[in-house]
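As provided, target.txt (compact mmCIF, C-alpha atoms and all ligand atoms) reads as follows.
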```
# COMPACT_ATOMS: atom_id res chain seq x y z
CA MET A 1 -15.70 45.96 -28.27
CA THR A 2 -13.76 42.83 -27.28
CA LYS A 3 -11.24 41.36 -29.64
CA HIS A 4 -11.44 37.55 -29.87
CA THR A 5 -8.41 35.47 -30.66
CA GLN A 6 -8.74 32.31 -32.71
CA ILE A 7 -7.26 29.46 -30.62
CA SER A 8 -6.33 26.23 -32.35
CA ASP A 9 -7.95 23.11 -30.98
CA GLU A 10 -5.16 20.94 -32.32
CA PRO A 11 -3.61 18.92 -29.47
CA VAL A 12 -0.17 20.01 -28.38
CA VAL A 13 2.28 17.18 -27.87
CA VAL A 14 5.34 17.76 -25.75
CA GLU A 15 7.94 15.03 -25.41
CA VAL A 16 9.48 14.95 -21.95
CA ILE A 17 12.13 12.52 -20.83
CA ALA A 18 12.51 12.88 -17.10
CA HIS A 19 14.90 11.05 -14.84
CA SER A 20 15.06 11.75 -11.15
CA ASN A 21 17.06 9.78 -8.67
CA PHE A 22 16.76 10.93 -5.10
CA LEU A 23 16.56 9.56 -1.59
CA VAL A 24 13.75 10.34 0.82
CA SER A 25 13.88 9.62 4.54
CA ALA A 26 11.07 7.30 5.63
CA GLY A 27 10.85 9.16 8.94
CA ALA A 28 10.82 7.63 12.41
CA THR A 29 7.32 6.13 12.19
CA ASN A 30 7.73 4.41 8.84
CA THR A 31 11.30 3.39 9.69
CA LYS A 32 9.98 1.42 12.67
CA PHE A 33 7.22 -0.10 10.51
CA LEU A 34 9.61 -1.07 7.69
CA ASN A 35 12.31 -2.41 10.04
CA SER A 36 9.69 -4.60 11.69
CA LEU A 37 8.81 -6.08 8.28
CA LYS A 38 12.49 -6.63 7.51
CA ASP A 39 13.75 -7.95 10.86
CA ASP A 40 10.71 -9.69 12.38
CA LYS A 41 8.22 -10.27 9.53
CA LYS A 42 5.75 -8.38 11.70
CA ILE A 43 3.16 -5.85 10.56
CA LEU A 44 2.78 -3.02 13.07
CA GLY A 45 0.05 -0.45 13.46
CA LEU A 46 -0.32 2.69 15.50
CA THR A 47 -3.35 3.25 17.75
CA CYS A 48 -4.96 6.64 18.25
CA PRO A 49 -5.18 7.34 22.00
CA LYS A 50 -8.44 9.24 21.49
CA CYS A 51 -10.61 7.34 18.95
CA LYS A 52 -8.72 4.00 19.27
CA LYS A 53 -8.49 3.50 15.51
CA VAL A 54 -5.49 1.39 14.47
CA TYR A 55 -3.67 2.69 11.39
CA VAL A 56 -1.78 0.35 9.06
CA PRO A 57 0.52 1.42 7.55
CA PRO A 58 1.10 3.63 10.58
CA ARG A 59 1.06 7.39 10.49
CA LEU A 60 2.24 9.84 13.11
CA HIS A 61 -1.02 11.71 13.64
CA CYS A 62 -4.64 10.54 13.64
CA PRO A 63 -6.30 12.31 10.69
CA THR A 64 -9.63 12.35 12.54
CA CYS A 65 -8.54 13.55 16.00
CA PHE A 66 -5.31 15.38 15.03
CA VAL A 67 -3.48 13.83 17.97
CA ARG A 68 -0.05 12.26 17.88
CA MET A 69 -0.03 8.48 18.06
CA SER A 70 2.66 6.45 19.81
CA GLU A 71 0.97 3.23 20.94
CA TRP A 72 2.25 0.47 18.65
CA VAL A 73 0.32 -2.74 18.14
CA ASP A 74 1.53 -6.05 16.64
CA LEU A 75 -0.87 -7.49 14.11
CA SER A 76 -1.06 -11.15 13.12
CA GLY A 77 -0.83 -10.16 9.47
CA LYS A 78 -4.00 -12.08 8.69
CA GLY A 79 -6.89 -10.23 7.17
CA THR A 80 -9.81 -10.09 4.77
CA LEU A 81 -9.87 -8.87 1.18
CA SER A 82 -12.16 -5.85 0.89
CA SER A 83 -11.56 -4.98 -2.78
CA TYR A 84 -9.20 -5.84 -5.62
CA THR A 85 -8.35 -5.37 -9.26
CA VAL A 86 -6.45 -7.38 -11.85
CA VAL A 87 -3.77 -5.55 -13.83
CA ARG A 88 -3.29 -6.85 -17.37
CA TYR A 89 -1.07 -4.18 -18.89
CA LYS A 90 2.61 -3.40 -18.35
CA GLU A 91 4.01 -0.12 -17.15
CA PRO A 92 7.71 0.45 -16.43
CA TYR A 93 7.13 1.40 -12.79
CA MET A 94 5.25 -1.80 -11.88
CA PRO A 95 7.18 -4.17 -9.62
CA LYS A 96 5.45 -7.28 -11.00
CA GLU A 97 4.83 -8.69 -14.45
CA PRO A 98 1.17 -8.61 -15.49
CA PRO A 99 -1.24 -10.16 -15.18
CA PHE A 100 -1.31 -9.72 -11.40
CA ALA A 101 -3.80 -8.65 -8.77
CA TYR A 102 -3.66 -6.24 -5.94
CA GLY A 103 -6.25 -5.27 -3.42
CA ILE A 104 -7.10 -3.65 -0.14
CA ILE A 105 -6.57 -5.99 2.80
CA GLN A 106 -8.44 -5.30 6.03
CA LEU A 107 -5.96 -6.71 8.51
CA ASP A 108 -7.36 -8.20 11.71
CA GLY A 109 -7.12 -5.54 14.42
CA ALA A 110 -6.64 -2.65 11.98
CA SER A 111 -9.12 0.12 11.27
CA THR A 112 -7.70 0.94 7.86
CA GLY A 113 -7.20 -1.13 4.75
CA MET A 114 -3.72 -1.81 3.44
CA PRO A 115 -3.08 -2.07 -0.30
CA HIS A 116 -0.88 -4.94 -1.44
CA PHE A 117 -0.43 -7.64 -4.05
CA LEU A 118 -2.40 -10.87 -4.09
CA GLY A 119 -0.79 -14.17 -5.00
CA GLY A 120 -0.91 -17.93 -4.55
CA VAL A 121 -4.36 -18.00 -6.11
CA ASP A 122 -5.71 -18.09 -9.67
CA LEU A 123 -6.78 -14.59 -10.66
CA ASP A 124 -10.31 -15.80 -11.44
CA LYS A 125 -10.61 -17.39 -7.99
CA ILE A 126 -10.06 -14.16 -6.05
CA LYS A 127 -13.14 -13.17 -4.06
CA ILE A 128 -13.94 -10.19 -1.90
CA GLY A 129 -14.19 -11.43 1.67
CA MET A 130 -11.55 -14.15 1.27
CA ARG A 131 -9.14 -14.61 4.16
CA LEU A 132 -5.50 -13.71 3.49
CA GLU A 133 -2.09 -13.92 5.11
CA PRO A 134 1.23 -12.35 4.13
CA VAL A 135 4.08 -14.10 2.32
CA PHE A 136 7.40 -12.44 3.13
CA LYS A 137 10.42 -12.42 0.84
CA GLU A 138 13.49 -14.35 1.96
CA GLN A 139 15.76 -11.35 1.30
CA ARG A 140 14.17 -8.32 2.97
CA GLU A 141 15.48 -4.78 2.79
CA GLY A 142 13.08 -2.60 4.78
CA SER A 143 10.42 -2.01 2.12
CA ILE A 144 6.68 -2.54 1.90
CA LEU A 145 7.65 -5.01 -0.84
CA ASP A 146 9.32 -7.18 1.84
CA ILE A 147 5.80 -8.58 1.89
CA ASP A 148 5.87 -10.34 -1.48
CA TYR A 149 2.10 -10.76 -1.57
CA PHE A 150 -0.92 -11.91 0.42
CA LYS A 151 -2.10 -15.46 -0.21
CA PRO A 152 -5.28 -17.27 0.80
CA GLY A 153 -5.12 -18.12 4.49
CA SER A 154 -7.18 -18.75 7.57
ZN ZN A 201 -8.20 9.41 16.47
```
Could you render the structure as structure tokens?
Amino acid sequence: MTKHTQISDEPVVVEVIAHSNFLVSAGATNTKFLNSLKDDKKILGLTCPKCKKVYVPPRLHCPTCFVRMSEWVDLSGKGTLSSYTVVRYKEPYMPKEPPFAYGIIQLDGASTGMPHFLGGVDLDKIKIGMRLEPVFKEQREGSILDIDYFKPGS
């Protein structure tokens, strides 16, 4: 005969205050990508030598072909909005004050979509399929946030 234990279904609440400060190397591939944003206001991609997909942000290996990629391509930075959402709540980790929008931008010449913020447009005027172009910060530091946002463009 099996003995059954009565388990409470009261929720358990555990308060955790966690702080963690650490540095992570961006690696050679992302360092080149981020330095290009900082120094040249250029968005770079990497092309797979086998399937010819262009990855932005770049990655070292093609996830489809499992081959190493080393052929860099300069993109214009212009692209098309493929999806988006509007954020209306505040969380401490968010780099912008709500309400704001971010979306997936299909950059011209890229095979992958790049997530980033949308700006320079009323939130209720954002439309999937709209053309976009990047707005870079004046003070850049080698971060994906060196692109302040994508605004309506040609
Ligand atoms: Zn490939």
Between CA of Pro92 in chain A and CA of Asn21 in chain A, what is the distance in Å, rounded to a tenth?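 Separation of CA of Pro92 in chain A and CA of Asn21 in chain A: 15.3 Å.
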List as JSON lines every residue of chain A that is in contact with ligand ZN 201 (chain A), defined as an atom at most 9 Å from one of its atoms (using all atoms listed in the file), together with the nearest atom pair and the distance in Å rounded to one decimal, sorted by chain and then rising number.
```
{"residue": "A:Thr47", "atom": "CA", "partner": "A:ZN201", "partner_atom": "ZN", "distance": 7.9}
{"residue": "A:Cys48", "atom": "CA", "partner": "A:ZN201", "partner_atom": "ZN", "distance": 4.6}
{"residue": "A:Pro49", "atom": "CA", "partner": "A:ZN201", "partner_atom": "ZN", "distance": 6.6}
{"residue": "A:Lys50", "atom": "CA", "partner": "A:ZN201", "partner_atom": "ZN", "distance": 5.0}
{"residue": "A:Cys51", "atom": "CA", "partner": "A:ZN201", "partner_atom": "ZN", "distance": 4.0}
{"residue": "A:Lys52", "atom": "CA", "partner": "A:ZN201", "partner_atom": "ZN", "distance": 6.1}
{"residue": "A:Lys53", "atom": "CA", "partner": "A:ZN201", "partner_atom": "ZN", "distance": 6.0}
{"residue": "A:Val54", "atom": "CA", "partner": "A:ZN201", "partner_atom": "ZN", "distance": 8.7}
{"residue": "A:His61", "atom": "CA", "partner": "A:ZN201", "partner_atom": "ZN", "distance": 8.1}
{"residue": "A:Cys62", "atom": "CA", "partner": "A:ZN201", "partner_atom": "ZN", "distance": 4.7}
{"residue": "A:Pro63", "atom": "CA", "partner": "A:ZN201", "partner_atom": "ZN", "distance": 6.7}
{"residue": "A:Thr64", "atom": "CA", "partner": "A:ZN201", "partner_atom": "ZN", "distance": 5.1}
{"residue": "A:Cys65", "atom": "CA", "partner": "A:ZN201", "partner_atom": "ZN", "distance": 4.2}
{"residue": "A:Phe66", "atom": "CA", "partner": "A:ZN201", "partner_atom": "ZN", "distance": 6.8}
{"residue": "A:Val67", "atom": "CA", "partner": "A:ZN201", "partner_atom": "ZN", "distance": 6.6}
{"residue": "A:Arg68", "atom": "CA", "partner": "A:ZN201", "partner_atom": "ZN", "distance": 8.7}
{"residue": "A:Met69", "atom": "CA", "partner": "A:ZN201", "partner_atom": "ZN", "distance": 8.4}
```
Give me, as a Markdown table, each residue of range 41-146 of chain A that comes within 8 Å of range 27-35 of chain A, together with its shortest interatomic pair and the distance in Å at one decimal, counting all atoms listed in the file, with rows ordered by chain and rising residue number.
```
| residue | atom | partner | partner_atom | distance |
| --- | --- | --- | --- | --- |
| A:Ile43 | CA | A:Phe33 | CA | 7.0 |
| A:Leu44 | CA | A:Phe33 | CA | 5.9 |
| A:Gly45 | CA | A:Phe33 | CA | 7.8 |
| A:Pro57 | CA | A:Phe33 | CA | 7.5 |
| A:Pro58 | CA | A:Thr29 | CA | 6.9 |
| A:Arg59 | CA | A:Thr29 | CA | 6.6 |
| A:Leu60 | CA | A:Thr29 | CA | 6.4 |
| A:Gly142 | CA | A:Leu34 | CA | 4.8 |
| A:Ser143 | CA | A:Leu34 | CA | 5.7 |
| A:Ile144 | CA | A:Leu34 | CA | 6.7 |
```
Selection export as a tab-separated table (two decimals), in the frame of the given file, atoms kept: C-alpha atoms:
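Just written: result19.tsv:
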```
chain	number	residue	atom	x	y	z
A	43	ILE	CA	3.16	-5.85	10.56
A	44	LEU	CA	2.78	-3.02	13.07
A	45	GLY	CA	0.05	-0.45	13.46
A	57	PRO	CA	0.52	1.42	7.55
A	58	PRO	CA	1.10	3.63	10.58
A	59	ARG	CA	1.06	7.39	10.49
A	60	LEU	CA	2.24	9.84	13.11
A	142	GLY	CA	13.08	-2.60	4.78
A	143	SER	CA	10.42	-2.01	2.12
A	144	ILE	CA	6.68	-2.54	1.90
```
With a distance cut-off of 9 Å and all atoms listed in the file, select the neighbouring residues of Leu107 in chain A, excluding the residue or stretch itself and same-chain residues fewer than 6 positions from it, and output the selection as a list of chain:residue names.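 So the residues in contact are A:Val56, A:Leu75, A:Ser76, A:Gly77, A:Lys78, A:Gly79, A:Thr80, A:Leu81, A:Gly113, A:Met114, A:Leu132, A:Glu133.
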Take the residues just selected and output them with C-alpha atoms as a PDB file, in the coordinates of the input.
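The resulting again.pdb:
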```pdb
ATOM      1  CA  VAL A  56      -1.780   0.350   9.060  1.00  0.00           C
ATOM      2  CA  LEU A  75      -0.870  -7.490  14.110  1.00  0.00           C
ATOM      3  CA  SER A  76      -1.060 -11.150  13.120  1.00  0.00           C
ATOM      4  CA  GLY A  77      -0.830 -10.160   9.470  1.00  0.00           C
ATOM      5  CA  LYS A  78      -4.000 -12.080   8.690  1.00  0.00           C
ATOM      6  CA  GLY A  79      -6.890 -10.230   7.170  1.00  0.00           C
ATOM      7  CA  THR A  80      -9.810 -10.090   4.770  1.00  0.00           C
ATOM      8  CA  LEU A  81      -9.870  -8.870   1.180  1.00  0.00           C
ATOM      9  CA  GLY A 113      -7.200  -1.130   4.750  1.00  0.00           C
ATOM     10  CA  MET A 114      -3.720  -1.810   3.440  1.00  0.00           C
ATOM     11  CA  LEU A 132      -5.500 -13.710   3.490  1.00  0.00           C
ATOM     12  CA  GLU A 133      -2.090 -13.920   5.110  1.00  0.00           C
TER      13      GLU A 133
END
```
Pick from A:Thr85, A:Gln139, A:Thr5, A:Ser154 nearest to Gly103 in chain A, counting only C-alpha atoms: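 Distance minimum relative to Gly103 in chain A lands on A:Thr85.
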Distance criterion (all atoms listed in the file): nearest to Glu71 in chain A out of A:Val87, A:Leu118, A:Leu46, A:Leu145: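 Checking each of A:Val87, A:Leu118, A:Leu46, A:Leu145 against Glu71 in chain A, counting all atoms listed in the file, the winner is A:Leu46.
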When you draw a straight line from CA of Phe100 in chain A to CA of His19 in chain A, how long is it in Å?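 These two atoms are separated by 26.6 Å.
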Report, in Å with one decimal, the straight-line distance from CA of Leu37 in chain A to CA of Arg88 in chain A.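 Distance between the two atoms: 28.4 Å.
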Using all atoms listed in the file, can you tell me which of A:His4, A:Lys127, A:His116, A:Lys41 comes closest to Tyr149 in chain A? A:His116
Among listed residues A:Ala101, A:Val73, A:Val12, A:Ile7, nearest Lys42 in chain A (using all atoms listed in the file): A:Val73
Lys137 in chain A environment, 8 Å, only C-alpha atoms, sequence neighbours closer than 3 positions dropped, as a tab-separated table (two decimals) with C-alpha atoms, in the frame of the given file:
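Wrote it out as result.tsv, contents follow:
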```
chain	number	residue	atom	x	y	z
A	140	ARG	CA	14.17	-8.32	2.97
A	146	ASP	CA	9.32	-7.18	1.84
A	147	ILE	CA	5.80	-8.58	1.89
A	148	ASP	CA	5.87	-10.34	-1.48
```
With distances taken over all atoms listed in the file, which of A:Val13, A:Val86, A:Tyr55, A:Asp39 is nearest to Lys125 in chain A?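 Nearest to Lys125 in chain A: A:Val86.
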